[in-house]
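**Student:** Below is the file coords27.txt, which contains compact mmCIF, C-alpha atoms.
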```txt
# COMPACT_ATOMS: atom_id res chain seq x y z
CA MET A 1 97.42 109.69 97.18
CA ARG A 2 96.52 109.64 100.11
CA LYS A 3 97.50 109.39 103.74
CA ILE A 4 94.21 108.08 105.04
CA ALA A 5 95.33 104.54 105.81
CA ALA A 6 98.39 105.38 107.87
CA LEU A 7 96.67 108.26 109.64
CA LEU A 8 93.62 106.17 110.44
CA SER A 9 95.83 103.47 111.88
CA ILE A 10 97.42 106.04 114.18
CA ALA A 11 94.28 107.94 115.04
CA ILE A 12 91.83 105.08 115.50
CA LEU A 13 93.69 101.79 115.32
CA PHE A 14 90.54 105.88 104.96
CA SER A 15 88.53 87.78 93.83
CA ALA A 16 90.12 86.31 90.93
CA GLY A 17 93.30 87.80 89.56
CA CYS A 18 95.21 87.19 86.38
CA ALA A 19 98.70 86.95 87.82
CA ALA A 20 100.80 84.25 86.22
CA ASP A 21 101.73 81.31 88.40
CA ASP A 22 105.40 81.90 87.71
CA SER A 23 106.09 85.63 88.12
CA SER A 24 109.69 85.19 86.94
CA GLY A 25 108.39 84.66 83.42
CA SER A 26 106.13 87.72 83.29
CA THR A 27 108.66 90.49 82.79
CA GLU A 28 110.25 92.35 79.94
CA THR A 29 112.84 94.95 80.85
CA GLU A 30 114.94 97.15 78.66
CA VAL A 31 117.92 97.09 81.03
CA GLU A 32 120.44 94.28 80.81
CA ASP A 33 121.35 92.42 84.00
CA SER A 34 124.40 90.21 84.21
CA SER A 35 123.09 88.23 87.16
CA ASP A 36 121.93 84.69 86.38
CA SER A 37 120.32 84.12 89.78
CA THR A 38 117.95 85.99 92.05
CA GLN A 39 119.13 84.12 95.12
CA ASP A 40 120.55 86.20 98.00
CA VAL A 41 119.37 89.46 96.43
CA THR A 42 117.75 92.02 98.73
CA LEU A 43 115.81 94.81 97.06
CA THR A 44 115.22 98.17 98.72
CA LEU A 45 111.73 99.52 98.16
CA LEU A 46 111.60 103.27 98.74
CA THR A 47 108.16 104.62 99.61
CA HIS A 48 106.27 107.30 101.53
CA ASP A 49 105.16 107.35 105.14
CA SER A 50 101.60 106.31 104.27
CA PHE A 51 102.63 102.95 102.80
CA LEU A 52 100.82 100.25 104.74
CA VAL A 53 100.50 96.58 103.84
CA THR A 54 99.81 93.39 105.74
CA GLU A 55 102.82 92.26 107.72
CA GLY A 56 104.68 89.49 105.92
CA ILE A 57 103.15 90.07 102.50
CA PHE A 58 106.56 90.30 100.86
CA ASP A 59 107.41 86.88 102.28
CA THR A 60 105.22 85.46 99.51
CA PHE A 61 107.38 87.23 96.95
CA THR A 62 110.52 85.91 98.63
CA ASP A 63 109.17 82.36 98.66
CA GLU A 64 108.40 82.60 94.94
CA THR A 65 111.63 84.25 93.79
CA GLY A 66 114.27 84.00 96.50
CA ILE A 67 114.43 87.80 96.55
CA SER A 68 114.11 89.63 99.86
CA VAL A 69 112.53 93.07 100.20
CA GLU A 70 113.51 95.85 102.58
CA VAL A 71 110.94 98.64 102.82
CA VAL A 72 112.31 102.12 103.55
CA ARG A 73 109.66 104.71 104.32
CA GLY A 74 110.40 108.37 103.92
CA SER A 75 108.16 111.40 104.38
CA ASP A 76 105.41 112.42 101.97
CA ALA A 77 105.29 111.77 98.23
CA GLY A 78 106.74 115.15 97.33
CA GLU A 79 109.85 114.68 99.45
CA LEU A 80 110.16 111.10 98.21
CA VAL A 81 110.28 112.28 94.61
CA SER A 82 112.61 115.17 95.39
CA ALA A 83 115.10 112.78 97.01
CA ALA A 84 114.88 110.43 94.02
CA VAL A 85 115.60 113.33 91.65
CA LEU A 86 118.68 114.33 93.63
CA THR A 87 120.04 110.76 93.44
CA ALA A 88 118.92 109.96 89.89
CA GLY A 89 121.28 107.42 88.31
CA ASN A 90 122.80 106.58 91.69
CA PRO A 91 119.68 105.62 93.64
CA GLN A 92 119.31 104.84 97.33
CA GLY A 93 117.12 101.86 96.46
CA ASP A 94 115.94 99.63 93.66
CA VAL A 95 112.21 100.35 93.33
CA LEU A 96 110.25 103.48 94.21
CA PHE A 97 106.56 103.30 95.05
CA GLY A 98 104.39 106.32 95.74
CA ILE A 99 105.00 108.78 92.95
CA ASP A 100 101.58 109.91 91.74
CA ASN A 101 100.28 111.84 88.77
CA THR A 102 100.76 115.16 90.57
CA PHE A 103 104.54 114.56 90.74
CA LEU A 104 104.97 112.14 87.86
CA GLN A 105 106.36 114.58 85.31
CA ARG A 106 109.11 115.68 87.70
CA GLY A 107 110.32 112.11 88.00
CA LEU A 108 110.15 111.47 84.26
CA ASP A 109 111.88 114.72 83.33
CA ASN A 110 114.78 113.91 85.64
CA ASP A 111 115.35 110.33 84.41
CA VAL A 112 114.59 108.77 87.78
CA PHE A 113 113.25 105.52 86.30
CA THR A 114 114.18 102.92 83.71
CA PRO A 115 111.49 101.20 81.58
CA HIS A 116 109.84 97.99 82.67
CA ILE A 117 106.86 96.28 81.02
CA SER A 118 104.85 93.77 83.02
CA ASP A 119 102.56 91.24 81.40
CA LEU A 120 100.01 92.14 84.07
CA LEU A 121 99.55 95.56 82.49
CA ALA A 122 96.95 93.83 80.32
CA SER A 123 94.68 93.97 83.38
CA VAL A 124 95.30 97.68 84.06
CA PRO A 125 92.93 100.20 82.42
CA ASP A 126 94.63 102.19 79.70
CA GLU A 127 93.74 105.52 81.31
CA PHE A 128 96.03 104.71 84.24
CA GLU A 129 99.08 104.22 82.02
CA LEU A 130 100.22 107.83 81.80
CA ASP A 131 103.76 107.12 80.58
CA PRO A 132 103.86 105.52 77.12
CA GLU A 133 107.50 104.53 77.73
CA HIS A 134 106.50 102.40 80.75
CA ARG A 135 109.03 103.96 83.08
CA VAL A 136 106.41 103.68 85.82
CA THR A 137 103.66 101.11 86.45
CA PRO A 138 100.22 101.98 87.90
CA ILE A 139 99.67 100.23 91.24
CA ASP A 140 96.61 101.89 92.80
CA TYR A 141 94.29 104.85 92.49
CA GLY A 142 92.00 106.92 94.67
CA ASP A 143 90.00 110.11 94.62
CA VAL A 144 90.44 113.19 96.78
CA CYS A 145 86.94 114.55 97.36
CA VAL A 146 85.08 116.97 99.56
CA ASN A 147 83.16 115.10 102.27
CA ALA A 148 80.15 116.47 104.15
CA THR A 149 78.15 115.24 107.11
CA LEU A 150 74.65 114.02 106.40
CA ALA A 151 73.49 116.22 109.27
CA GLY A 152 74.45 119.18 107.11
CA VAL A 153 74.80 122.84 107.98
CA ASP A 154 71.53 124.00 109.50
CA GLY A 155 70.08 120.89 107.89
CA GLN A 156 71.43 121.69 104.45
CA VAL A 157 73.98 119.44 102.70
CA PRO A 158 76.07 120.68 99.75
CA THR A 159 75.67 118.57 96.63
CA SER A 160 78.19 120.17 94.27
CA ILE A 161 81.53 121.93 94.28
CA ASP A 162 79.66 125.12 93.33
CA ASP A 163 77.67 124.99 96.55
CA LEU A 164 80.77 125.38 98.70
CA THR A 165 81.13 129.08 97.87
CA ASP A 166 77.76 129.80 99.47
CA PRO A 167 78.66 131.52 102.76
CA ILE A 168 76.53 129.06 104.73
CA PHE A 169 78.83 126.26 103.53
CA ALA A 170 82.16 128.09 103.13
CA GLY A 171 82.21 128.95 106.81
CA SER A 172 81.74 125.29 107.69
CA PHE A 173 84.37 123.98 105.26
CA VAL A 174 87.93 123.01 106.21
CA THR A 175 90.47 122.18 103.54
CA GLN A 176 94.27 121.84 103.53
CA ASN A 177 97.06 124.12 102.42
CA PRO A 178 98.17 122.92 98.95
CA GLU A 179 101.76 123.82 99.72
CA THR A 180 101.92 121.43 102.68
CA SER A 181 99.26 118.79 101.96
CA SER A 182 98.71 116.28 99.18
CA PRO A 183 94.88 116.31 99.46
CA GLY A 184 94.99 120.09 99.74
CA PHE A 185 96.92 120.31 96.49
CA ALA A 186 94.59 117.81 94.85
CA PHE A 187 91.56 119.92 95.76
CA LEU A 188 93.28 123.00 94.32
CA LEU A 189 93.79 121.00 91.12
CA ALA A 190 90.12 119.97 91.22
CA THR A 191 89.10 123.62 91.21
CA ILE A 192 91.49 124.41 88.36
CA ALA A 193 90.18 121.45 86.35
CA THR A 194 86.59 122.54 87.02
CA TYR A 195 86.78 126.30 86.52
CA GLY A 196 89.86 126.68 84.31
CA GLU A 197 92.53 129.35 84.33
CA ASP A 198 89.91 132.07 84.03
CA GLY A 199 87.74 130.93 86.91
CA TRP A 200 89.58 129.13 89.68
CA GLU A 201 90.93 132.27 91.34
CA ALA A 202 87.45 133.76 91.63
CA TYR A 203 86.25 130.49 93.13
CA TRP A 204 88.89 130.62 95.86
CA SER A 205 88.21 134.31 96.48
CA ALA A 206 84.59 133.37 97.17
CA LEU A 207 85.65 130.57 99.52
CA ALA A 208 87.99 132.92 101.38
CA GLU A 209 85.36 135.62 101.69
CA GLY A 210 82.92 133.00 102.96
CA GLY A 211 85.25 132.03 105.77
CA VAL A 212 86.85 128.76 104.64
CA THR A 213 89.25 127.27 107.19
CA VAL A 214 92.72 126.11 106.07
CA SER A 215 94.73 123.47 107.95
CA ALA A 216 98.30 122.33 107.42
CA GLY A 217 97.43 118.72 106.67
CA TRP A 218 94.76 116.03 106.44
CA ASN A 219 95.11 114.84 110.02
CA ASP A 220 94.65 118.34 111.41
CA ALA A 221 91.59 118.86 109.24
CA TYR A 222 89.84 115.50 109.65
CA TYR A 223 90.69 114.81 113.28
CA GLY A 224 90.87 118.41 114.41
CA ASP A 225 88.45 120.74 112.67
CA PHE A 226 85.97 118.25 111.18
CA VAL A 227 83.19 116.90 113.39
CA SER A 228 84.56 113.35 113.17
CA GLY A 229 87.45 114.48 115.33
CA GLY A 230 85.40 116.62 117.66
CA GLY A 231 85.62 119.85 115.66
CA ASP A 232 82.79 122.04 114.48
CA LYS A 233 83.24 121.92 110.69
CA GLN A 234 80.67 119.92 108.75
CA ILE A 235 82.62 119.81 105.44
CA VAL A 236 86.19 118.64 104.81
CA THR A 237 88.56 117.78 101.98
CA SER A 238 89.27 114.06 102.34
CA TYR A 239 88.80 110.97 100.18
CA ALA A 240 86.07 109.06 98.37
CA THR A 241 86.86 106.16 100.72
CA SER A 242 86.44 108.17 103.93
CA PRO A 243 82.83 106.96 104.42
CA VAL A 244 84.11 103.38 104.21
CA ALA A 245 86.64 104.09 106.94
CA GLU A 246 83.96 105.83 109.03
CA VAL A 247 81.95 102.59 109.05
CA LEU A 248 84.83 100.16 109.52
CA PHE A 249 86.45 102.01 112.42
CA ALA A 250 83.36 103.33 114.20
CA GLU A 251 83.07 102.65 117.92
CA PRO A 252 80.38 101.69 118.65
CA ALA A 253 79.69 99.96 115.34
CA ILE A 254 77.44 101.62 112.77
CA ASP A 255 75.73 100.29 109.65
CA THR A 256 75.91 103.40 107.47
CA ALA A 257 78.38 106.23 107.17
CA PRO A 258 77.49 109.61 108.70
CA THR A 259 79.16 111.35 105.77
CA THR A 260 78.68 111.72 102.03
CA VAL A 261 80.96 112.61 99.13
CA ILE A 262 80.53 115.54 96.76
CA VAL A 263 81.31 113.58 93.64
CA ASP A 264 81.94 116.46 91.25
CA SER A 265 84.78 117.67 93.50
CA CYS A 266 86.83 114.48 93.16
CA PHE A 267 90.36 114.67 91.76
CA ARG A 268 91.92 111.32 90.83
CA GLN A 269 95.33 110.37 92.15
CA ILE A 270 97.12 107.41 90.54
CA GLU A 271 100.12 105.92 92.32
CA PHE A 272 102.97 104.28 90.44
CA ALA A 273 106.00 102.10 91.08
CA GLY A 274 109.14 102.24 89.00
CA VAL A 275 112.53 100.58 88.65
CA LEU A 276 115.08 103.17 89.71
CA ALA A 277 117.66 103.98 87.04
CA GLY A 278 121.09 102.83 88.14
CA THR A 279 119.95 99.94 90.33
CA ASP A 280 122.30 96.97 90.39
CA HIS A 281 119.29 94.64 90.16
CA PRO A 282 116.95 95.78 87.35
CA LYS A 283 115.74 92.26 86.60
CA GLU A 284 114.81 91.56 90.20
CA ALA A 285 113.30 95.03 90.60
CA GLY A 286 111.02 94.29 87.66
CA LEU A 287 109.89 91.10 89.34
CA LEU A 288 108.95 93.08 92.44
CA ILE A 289 106.82 95.45 90.39
CA ASP A 290 105.13 92.41 88.80
CA PHE A 291 104.37 91.13 92.30
CA MET A 292 102.87 94.50 93.25
CA LEU A 293 100.46 94.08 90.32
CA SER A 294 99.61 90.49 91.25
CA GLU A 295 96.35 89.46 92.92
CA THR A 296 98.16 88.77 96.20
CA PHE A 297 99.42 92.31 96.60
CA GLN A 298 96.57 94.12 94.86
CA ALA A 299 93.92 92.50 97.07
CA ASP A 300 95.86 93.68 100.12
CA ILE A 301 95.72 97.35 99.12
CA PRO A 302 92.13 98.53 99.79
CA LEU A 303 91.71 97.78 103.48
CA ASN A 304 95.24 98.91 104.30
CA MET A 305 95.71 102.04 102.21
CA PHE A 306 92.05 102.77 101.44
CA VAL A 307 92.58 103.10 97.71
CA ALA A 308 91.60 100.83 94.83
CA PRO A 309 93.85 98.31 93.07
CA ALA A 310 95.01 99.22 89.57
CA ASN A 311 94.54 95.61 88.47
CA ALA A 312 90.93 95.57 87.28
CA ASP A 313 90.69 91.80 87.73
CA VAL A 314 90.98 92.14 91.51
CA ALA A 315 87.64 92.60 93.26
CA LEU A 316 87.07 95.29 95.87
CA PRO A 317 86.22 94.24 99.44
CA ALA A 318 82.56 94.10 100.36
CA ALA A 319 82.85 97.20 102.57
CA PHE A 320 84.04 99.24 99.58
CA VAL A 321 81.15 98.01 97.47
CA GLU A 322 78.55 98.67 100.18
CA HIS A 323 79.79 101.98 101.58
CA GLY A 324 82.12 103.36 98.91
CA VAL A 325 81.35 105.96 96.29
CA VAL A 326 81.83 105.34 92.58
CA VAL A 327 83.46 108.32 90.90
CA SER A 328 82.75 107.66 87.24
CA GLU A 329 84.03 110.99 85.92
CA PRO A 330 86.92 112.09 88.15
CA LEU A 331 88.73 115.35 87.59
CA ILE A 332 92.28 115.04 86.26
CA LEU A 333 94.97 117.25 84.72
CA ASP A 334 97.92 116.32 82.55
CA PRO A 335 101.04 115.68 84.68
CA ALA A 336 103.10 117.99 82.46
CA GLU A 337 100.63 120.83 83.00
CA ILE A 338 100.73 120.28 86.76
CA GLU A 339 104.52 120.35 86.89
CA ALA A 340 104.77 123.44 84.69
CA ASN A 341 102.32 125.45 86.80
CA ARG A 342 102.68 124.08 90.35
CA ALA A 343 104.72 126.95 91.77
CA GLU A 344 102.60 129.66 90.15
CA TRP A 345 99.31 128.07 91.17
CA THR A 346 100.26 127.58 94.81
CA ALA A 347 101.79 131.05 95.05
CA ARG A 348 98.64 132.61 93.66
CA TRP A 349 96.47 130.49 95.98
CA THR A 350 98.48 131.81 98.93
CA GLU A 351 97.92 135.39 97.83
CA ILE A 352 94.18 134.86 97.52
CA VAL A 353 93.41 132.72 100.57
CA LEU A 354 96.09 133.58 103.15
CA ARG A 355 96.38 137.30 102.41
```
Step by step, read the file and then write its structure as structure tokens.

**Tutor:**
Amino acid sequence: MRKIAALLSIAILFSAGCAADDSSGSTETEVEDSSDSTQDVTLTLLTHDSFLVTEGIFDTFTDETGISVEVVRGSDAGELVSAAVLTAGNPQGDVLFGIDNTFLQRGLDNDVFTPHISDLLASVPDEFELDPEHRVTPIDYGDVCVNATLAGVDGQVPTSIDDLTDPIFAGSFVTQNPETSSPGFAFLLATIATYGEDGWEAYWSALAEGGVTVSAGWNDAYYGDFVSGGGDKQIVTSYATSPVAEVLFAEPAIDTAPTTVIVDSCFRQIEFAGVLAGTDHPKEAGLLIDFMLSETFQADIPLNMFVAPANADVALPAAFVEHGVVVSEPLILDPAEIEANRAEWTARWTEIVLR
């Protein structure tokens, strides 16, 4: 969901909780574990390259449970899921974090995860729980949205996804290739969710004819083509939290963001963690997922990964409240529909835009 935190850290470095005091008593798991002790257990947490948390945060989990955590970062979410599918039943780790709703069905269809139910799910909104069998647990969410500078294009600022096809805006818009970029794919899904099977191709034809620019990834777009990185494009596919990051990392300091979010373009990404089927430590792995839903971990998420905690009892930082954008009606598609049509949609997009 989102590579803004890690990329920002490279480029320019995007409350009360209801966690139980004893996290070892907050888990139900459907996998038997013969171990009577969590002492001397080290769990391997597999995740993507954008995973960023405060150094030492898992020490709290170790102090509480005696379980150590080794974090192994891979590449992007797609490659992370593909590797987990290839090793399903004989995993390279114990817990996987970073599968989102755009790849969720692939993981579920290939039996990558085993069910785990945390008591802390009571604090997670029902709409985030996309798997009724609880094979994955929602950890965070964010929205991929088109961002535009307040300076506008010749003084004009787009206010809707429809506006982007106007040649004055299309020629100043940079987005990412959906075959190589998570936000690029999310924006493609946003157009499909908005215009449907009968309209999204015409929308992209209009963007292409208007001169839309396509980059390989978010970093190239935001810190290359977009004006924030010295480029000449006034509009970019990024995140709802990008204005927050613009304020927090500005040098010299600024009080308000120079960018705005086109709210009706926002596609919601939900990230999940799951106990990997075949782990030797399912009980301990469940405890780690409980910790990732606890106030301690959830409160650490926003200012590191620039997404929102799934635990609704955890308050957002003041900067998110002051400079963030509330997306009350995000675009979303069923994970099964995404998986069934991914190859066809991206192939057709390539024909239309890169012809």

**Student:** For a quick check of understanding, using all atoms listed in the file, which of A:Val157, A:Ala83, A:Met292, A:Leu287 has the smallest distance to Thr259 in chain A?

**Tutor:**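 Checking each candidate against Thr259 in chain A, we get A:Val157 as the closest.
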
**Student:** Within 10 Å of (95.1, 114.7, 98.7), in the coordinates the file gives, what residues turn up when you count only C-alpha atoms, written out as a list in words?

**Tutor:**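 Taken together, the residues in range are Met1, Arg2, Lys3, Ile4, Thr102, Gly142, Asp143, Val144, Cys145, Gln176, Pro178, Ser181, Ser182, Pro183, Gly184, Phe185, Ala186, Phe187, Leu188, Leu189, Gly217, Trp218, Thr237, Ser238, Tyr239, Cys266, Phe267, Arg268 and Gln269 of chain A.
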
**Student:** Filtering to C-alpha atoms, could you give me those residues as a PDB file, in the coordinates of the input?

**Tutor:**
```
ATOM      1  CA  MET A   1      97.420 109.690  97.180  1.00  0.00           C
ATOM      2  CA  ARG A   2      96.520 109.640 100.110  1.00  0.00           C
ATOM      3  CA  LYS A   3      97.500 109.390 103.740  1.00  0.00           C
ATOM      4  CA  ILE A   4      94.210 108.080 105.040  1.00  0.00           C
ATOM      5  CA  THR A 102     100.760 115.160  90.570  1.00  0.00           C
ATOM      6  CA  GLY A 142      92.000 106.920  94.670  1.00  0.00           C
ATOM      7  CA  ASP A 143      90.000 110.110  94.620  1.00  0.00           C
ATOM      8  CA  VAL A 144      90.440 113.190  96.780  1.00  0.00           C
ATOM      9  CA  CYS A 145      86.940 114.550  97.360  1.00  0.00           C
ATOM     10  CA  GLN A 176      94.270 121.840 103.530  1.00  0.00           C
ATOM     11  CA  PRO A 178      98.170 122.920  98.950  1.00  0.00           C
ATOM     12  CA  SER A 181      99.260 118.790 101.960  1.00  0.00           C
ATOM     13  CA  SER A 182      98.710 116.280  99.180  1.00  0.00           C
ATOM     14  CA  PRO A 183      94.880 116.310  99.460  1.00  0.00           C
ATOM     15  CA  GLY A 184      94.990 120.090  99.740  1.00  0.00           C
ATOM     16  CA  PHE A 185      96.920 120.310  96.490  1.00  0.00           C
ATOM     17  CA  ALA A 186      94.590 117.810  94.850  1.00  0.00           C
ATOM     18  CA  PHE A 187      91.560 119.920  95.760  1.00  0.00           C
ATOM     19  CA  LEU A 188      93.280 123.000  94.320  1.00  0.00           C
ATOM     20  CA  LEU A 189      93.790 121.000  91.120  1.00  0.00           C
ATOM     21  CA  GLY A 217      97.430 118.720 106.670  1.00  0.00           C
ATOM     22  CA  TRP A 218      94.760 116.030 106.440  1.00  0.00           C
ATOM     23  CA  THR A 237      88.560 117.780 101.980  1.00  0.00           C
ATOM     24  CA  SER A 238      89.270 114.060 102.340  1.00  0.00           C
ATOM     25  CA  TYR A 239      88.800 110.970 100.180  1.00  0.00           C
ATOM     26  CA  CYS A 266      86.830 114.480  93.160  1.00  0.00           C
ATOM     27  CA  PHE A 267      90.360 114.670  91.760  1.00  0.00           C
ATOM     28  CA  ARG A 268      91.920 111.320  90.830  1.00  0.00           C
ATOM     29  CA  GLN A 269      95.330 110.370  92.150  1.00  0.00           C
TER      30      GLN A 269
END
```

**Student:** What does the distance between CA of Thr350 in chain A and CA of Thr165 in chain A come to in Å, to one decimal place?

**Tutor:**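 Calculated distance between CA of Thr350 in chain A and CA of Thr165 in chain A is 17.6 Å.
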
**Student:** Which one is closest to Arg348 in chain A: A:Glu329, A:Leu303, A:Phe320, A:Glu201? Count only C-alpha atoms.

**Tutor:**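 Checking each of A:Glu329, A:Leu303, A:Phe320, A:Glu201 against Arg348 in chain A, counting only C-alpha atoms, the winner is A:Glu201.
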
**Student:** Nearest to Gly274 in chain A among A:Pro330, A:Gly196, A:Gly74, A:Gly98, with distances taken over all atoms listed in the file: which residue is it?

**Tutor:**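 Smallest distance to Gly274 in chain A is found for A:Gly98.
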
**Student:** Report the centre and edge lengths, in Å to one decimal, of an axis-aligned box enclosing every atom of range 159-166 of chain A listed in the file, padded by 5 Å on each side, as AutoDock Vina command-line options.

**Tutor:**
```
--center_x 78.6 --center_y 124.2 --center_z 96.4 --size_x 15.9 --size_y 21.2 --size_z 16.1
```

**Student:** Using all atoms listed in the file, which of the listed residues (A:Glu284, A:Asp163, A:Asp109, A:Asp100) sits closest to Gly210 in chain A?

**Tutor:**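 The closest residue to Gly210 in chain A is A:Asp163.
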
**Student:** Give me, please, the distance in Å between CA of Asp49 in chain A and CA of Ala299 in chain A, quoted to one decimal.

**Tutor:**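 Going from CA of Asp49 in chain A over to CA of Ala299 in chain A, I get 20.3 Å.
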
**Student:** For each of A:Glu133, A:Glu351, A:Asp40, A:Asp232, take the minimum atom-to-atom distance to Gly171 in chain A, counting all atoms listed in the file, then give the residue where this is smallest.

**Tutor:** A:Asp232

**Student:** Could you jot down the CA of Ala88 in chain A to CA of Val72 in chain A separation for me, Å, one decimal place?

**Tutor:**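 Rounded to one decimal, the two atoms are 17.1 Å apart.
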
**Student:** Counting all atoms listed in the file, which residue out of A:Ala148, A:Leu333, A:Val353, A:Val263 sits closest to Gln105 in chain A?

**Tutor:**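 Answer, going by the shortest atom-to-atom distance: A:Leu333.
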
**Student:** I want to know what sits within 10 Å of Ala340 in chain A, based on all atoms listed in the file, with residues of the same chain fewer than 5 positions away left out; could you give that as number ranges by chain?

**Tutor:** A: 105-106, 335, 345

**Student:** Would you pick out the contacts of Gly152 in chain A at 12 Å or less, using only C-alpha atoms, so that residues sharing its chain but fewer than 5 positions from it are not included, and give the list as a PyMOL selection string?

**Tutor:** chain A and resi 147+157-159+168-169+172-173+227+232-236+258-260

**Student:** Once you have the residues from the selection above, write them out as a CSV table (one decimal), keeping the file's coordinate frame, restricted to C-alpha atoms.

**Tutor:**
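Here's the written file result-v4.csv:
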```csv
chain,number,residue,atom,x,y,z
A,147,ASN,CA,83.2,115.1,102.3
A,157,VAL,CA,74.0,119.4,102.7
A,158,PRO,CA,76.1,120.7,99.8
A,159,THR,CA,75.7,118.6,96.6
A,168,ILE,CA,76.5,129.1,104.7
A,169,PHE,CA,78.8,126.3,103.5
A,172,SER,CA,81.7,125.3,107.7
A,173,PHE,CA,84.4,124.0,105.3
A,227,VAL,CA,83.2,116.9,113.4
A,232,ASP,CA,82.8,122.0,114.5
A,233,LYS,CA,83.2,121.9,110.7
A,234,GLN,CA,80.7,119.9,108.8
A,235,ILE,CA,82.6,119.8,105.4
A,236,VAL,CA,86.2,118.6,104.8
A,258,PRO,CA,77.5,109.6,108.7
A,259,THR,CA,79.2,111.4,105.8
A,260,THR,CA,78.7,111.7,102.0
```

**Student:** Could you write range 36-95 of chain A of the block just shown to a file containing C-alpha atoms, as a compact mmCIF listing (two decimals), in the first residue's frame?

**Tutor:**
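Wrote result.txt, looks like this:
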```txt
# COMPACT_ATOMS: atom_id res chain seq x y z
CA ASP A 36 4.32 -25.39 26.05
CA SER A 37 6.70 -22.42 26.17
CA THR A 38 7.43 -19.40 24.04
CA GLN A 39 10.92 -19.00 25.48
CA ASP A 40 13.85 -19.12 23.02
CA VAL A 41 11.53 -18.93 20.01
CA THR A 42 12.55 -16.60 17.17
CA LEU A 43 9.86 -15.74 14.64
CA THR A 44 10.66 -14.66 11.10
CA LEU A 45 8.45 -11.85 9.86
CA LEU A 46 8.45 -11.68 6.06
CA THR A 47 7.54 -8.28 4.63
CA HIS A 48 8.07 -5.89 1.73
CA ASP A 49 10.78 -3.30 1.21
CA SER A 50 8.56 -0.44 2.38
CA PHE A 51 8.12 -1.83 5.89
CA LEU A 52 9.37 0.79 8.33
CA VAL A 53 8.88 0.87 12.09
CA THR A 54 10.65 2.50 15.00
CA GLU A 55 13.87 0.72 15.84
CA GLY A 56 13.44 -1.59 18.81
CA ILE A 57 9.65 -1.75 18.70
CA PHE A 58 9.68 -5.54 18.67
CA ASP A 59 11.74 -5.49 21.86
CA THR A 60 8.48 -4.68 23.65
CA PHE A 61 6.95 -7.84 22.23
CA THR A 62 10.00 -9.84 23.29
CA ASP A 63 9.86 -8.42 26.81
CA GLU A 64 6.18 -9.39 27.08
CA THR A 65 6.39 -12.87 25.57
CA GLY A 66 10.00 -14.03 25.44
CA ILE A 67 9.66 -14.36 21.67
CA SER A 68 12.23 -12.71 19.41
CA VAL A 69 11.41 -11.32 15.97
CA GLU A 70 13.62 -11.31 12.90
CA VAL A 71 12.35 -9.04 10.11
CA VAL A 72 13.18 -10.13 6.56
CA ARG A 73 12.37 -7.56 3.91
CA GLY A 74 11.90 -8.59 0.32
CA SER A 75 10.94 -6.55 -2.72
CA ASP A 76 7.46 -5.20 -3.39
CA ALA A 77 4.16 -6.70 -2.25
CA GLY A 78 3.59 -8.58 -5.49
CA GLU A 79 6.91 -10.40 -5.33
CA LEU A 80 6.39 -11.03 -1.61
CA VAL A 81 3.09 -12.79 -2.31
CA SER A 82 4.47 -14.69 -5.29
CA ALA A 83 7.30 -16.08 -3.15
CA ALA A 84 4.83 -17.08 -0.43
CA VAL A 85 2.69 -18.92 -2.99
CA LEU A 86 5.70 -20.86 -4.26
CA THR A 87 6.58 -21.97 -0.71
CA ALA A 88 3.02 -22.50 0.56
CA GLY A 89 2.97 -25.17 3.27
CA ASN A 90 6.75 -25.00 3.64
CA PRO A 91 7.22 -21.30 4.36
CA GLN A 92 10.42 -19.29 4.65
CA GLY A 93 9.05 -17.55 7.73
CA ASP A 94 6.31 -17.62 10.32
CA VAL A 95 4.28 -14.46 9.67
```
